[in-house]
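Novice: Structure below; questions to follow.
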Amino acid sequence: MGRARRREILQGLSAFGGEMKRIAVLTSGGDGPGLNPCIRAVTRMAIHLGVEVVGVRRGYLGLINGEVVDLDRRAVSGIMGHGGTFLGTARCPEFLTEKGRREALRTLNRLDIDGLVVIGGNGSLTGALELHRMGFPVVGVPATIDNDINGTDIAIGVDTALNTILDAIDRIKDTASSHNRAFLIETMGRDCGYLALASGVAGGAELVLIPEVEITMEEVARVIGDTYVRGKAHCIIIVAEGWKPGTRALVDYLNSRHEELGFEIRLTVLGHIQRGGRPSAFDRLLATRLGAAAAEALIRGKSGVMVGWRHDRAVTTPLEEAVAFCKEINMELWKLALVMEK
Ligand code: ADP
């Protein structure tokens, strides 16, 4: 490709006259890093295309109650590096009902809003699909640290959460080696083991326990015992919170056998620190690209789709497909973990 001309590209981006005058953006469900850059990108792309933007506070709850703020370019300045979401997020049981969703539609109409961008996880995108089915134009953006949404290689927030977990693993490894201990580190992931698996491989863990793969507590004990006999100074086991029979039960079991295992057992539950923090460079870029693409798709007349990231570009997938089932774990990565654990 020859050298691009900045002015021509800018003209090409805005050369279009659409129906939409005013759109709204909201963040819903579980929070994670990268939501602010995404709101910023939706806002700036929409304004660039000549469309007004309002932000809805506290997800679907704010949509039902009409809690909105006008967003101009300045309103989204300086938020790129902030974790969380300045619009707030919420879980909203009313929106699960037809009555609640009708209430939300009334608010959208009353406020002259022509379309909506929903940034969130599986539940939030299912809500977005319901609104689309009721005839309201909606485009979704996948944001969840679980990385369990179809139609996108990675969701907003995953990379930062992984880096947070890696930082914790590295620190715990230092103390585990000093004291000759085995550490269980529990990550988030109730149904999906992605965070545990990816951080386990990247963090050099001795074992990864995820909901998708069965392993008995006896087998875990055997790995710990073998690691000790091989002369390693520590044994790091990453456990997804959804692994059964659960981290607590495993700690009790291992403690009951600790004399024969060699290592003393300790547990660290990482909990909500995985959701907070400054978004990584990757998440800021991803959020900016997906947010901008979602605003553009909505304004150009798309509805009922999610804008995800595949093969280095933004691609749309029908919301129906995106939320039909949770994305399965990559078993190649799991097999690689088995080889690396040795
Ligand atoms: P996430 O979006 O992170 O998966 P939740 O599953 O808690 O988080 O969903 C967030 C919100 O999305 C819910 O509180 C509810 O308002 C809405 N939602 C979830 N599932 C549905 C559904 N099946 N139909 C309509 N709205 C839903």
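Ligands are numbered from 1 in the order shown, chains are lettered A, B, ... in the order of the structure tokens, and residues start at 1 in each chain.
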Taking only C-alpha atoms and all ligand atoms into account, which residues are within 7 Å of ligand 1, as a ChimeraX atom specification?

Specialist: /A:28-31,60,90-96,120-127,130,144

Novice: Using C-alpha atoms, can you export the residues from the last selection as a tab-separated table (two decimals), in the first residue's frame?

Specialist:
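Produced file part_35.tsv, reproduced below:
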```tsv
chain	number	residue	atom	x	y	z
A	28	SER	CA	-23.43	-3.68	32.42
A	29	GLY	CA	-22.76	-6.76	34.54
A	30	GLY	CA	-19.32	-7.70	35.85
A	31	ASP	CA	-16.77	-4.90	35.67
A	60	TYR	CA	-29.87	-1.63	32.55
A	90	ALA	CA	-25.02	-2.95	37.89
A	91	ARG	CA	-26.93	-6.19	37.88
A	92	CYS	CA	-30.58	-5.52	37.15
A	93	PRO	CA	-33.12	-8.30	37.85
A	94	GLU	CA	-36.00	-6.15	36.50
A	95	PHE	CA	-34.45	-6.27	33.05
A	96	LEU	CA	-34.89	-10.06	33.03
A	120	GLY	CA	-20.61	-6.24	28.88
A	121	GLY	CA	-20.46	-10.00	29.30
A	122	ASN	CA	-22.72	-12.87	28.38
A	123	GLY	CA	-25.69	-11.74	30.47
A	124	SER	CA	-25.53	-8.14	29.31
A	125	LEU	CA	-25.28	-9.20	25.67
A	126	THR	CA	-28.29	-11.50	26.15
A	127	GLY	CA	-30.17	-8.44	27.43
A	130	GLU	CA	-33.76	-9.06	23.88
A	144	THR	CA	-15.56	-9.80	30.50
```

Novice: Residues near Ala295 of chain A, anyone? I mean within 6 Å using only C-alpha atoms, not counting same-chain ones fewer than 2 positions away, as JSON, numbers by chain.

Specialist: {"A": [42, 46, 292, 293, 297, 298]}

Novice: Write out as a PyMOL selection string the residues lying within 7 Å of segment 249-255 of chain A, counting only C-alpha atoms and excluding same-chain residues fewer than 6 positions away.

Specialist: chain A and resi 217+221+265

Novice: Keeping only N, CA and C atoms, write the selected residues to a file as a PDB file, in the first residue's frame.

Specialist:
```pdb
ATOM      1  N   MET A 217      -8.656 -35.253  43.838  1.00  0.00           N
ATOM      2  CA  MET A 217      -7.777 -34.637  44.837  1.00  0.00           C
ATOM      3  C   MET A 217      -6.547 -35.522  45.065  1.00  0.00           C
ATOM      4  N   ALA A 221      -2.646 -34.370  44.895  1.00  0.00           N
ATOM      5  CA  ALA A 221      -1.671 -34.702  45.955  1.00  0.00           C
ATOM      6  C   ALA A 221      -0.440 -35.378  45.346  1.00  0.00           C
ATOM      7  N   ILE A 265       1.105 -26.510  52.848  1.00  0.00           N
ATOM      8  CA  ILE A 265       0.132 -25.990  51.873  1.00  0.00           C
ATOM      9  C   ILE A 265      -0.360 -24.603  52.302  1.00  0.00           C
TER      10      ILE A 265
END
```

Novice: Name the residues of segment 185-214 of chain A that fall into strand (DSSP E) according to DSSP on the backbone, using the chain letters and numbers of this document, as an NGL selection string.

Specialist: :A and (185-187 or 207-209)

Novice: Store the residues of this selection in a file with N, CA and C atoms, as a compact mmCIF listing (two decimals), in the first residue's frame.

Specialist:
```txt
# COMPACT_ATOMS: atom_id res chain seq x y z
N ILE A 185 -3.42 -21.02 44.21
CA ILE A 185 -3.83 -19.64 43.90
C ILE A 185 -5.16 -19.72 43.16
N GLU A 186 -6.20 -19.18 43.80
CA GLU A 186 -7.53 -19.27 43.18
C GLU A 186 -7.80 -18.03 42.33
N THR A 187 -8.16 -18.27 41.06
CA THR A 187 -8.52 -17.17 40.16
C THR A 187 -10.04 -17.15 39.97
N LEU A 207 0.63 -27.00 38.16
CA LEU A 207 -0.65 -27.67 37.85
C LEU A 207 -1.75 -26.62 37.72
N VAL A 208 -2.70 -26.87 36.81
CA VAL A 208 -3.84 -25.96 36.63
C VAL A 208 -5.12 -26.77 36.79
N LEU A 209 -6.04 -26.28 37.63
CA LEU A 209 -7.31 -26.98 37.86
C LEU A 209 -8.44 -26.11 37.33
```

Novice: Atom CA of Lys335 of chain A to atom CA of Arg190 of chain A: how many Å, to one decimal?

Specialist: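 Between atom CA of Lys335 of chain A and atom CA of Arg190 of chain A the gap is 21.0 Å.
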
Novice: Could you please determine the separation between atom CA of Gly140 of chain A and atom CA of Pro37 of chain A in Å, to one decimal place?

Specialist: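 Atom CA of Pro37 of chain A lies at a distance of 15.2 Å from atom CA of Gly140 of chain A.
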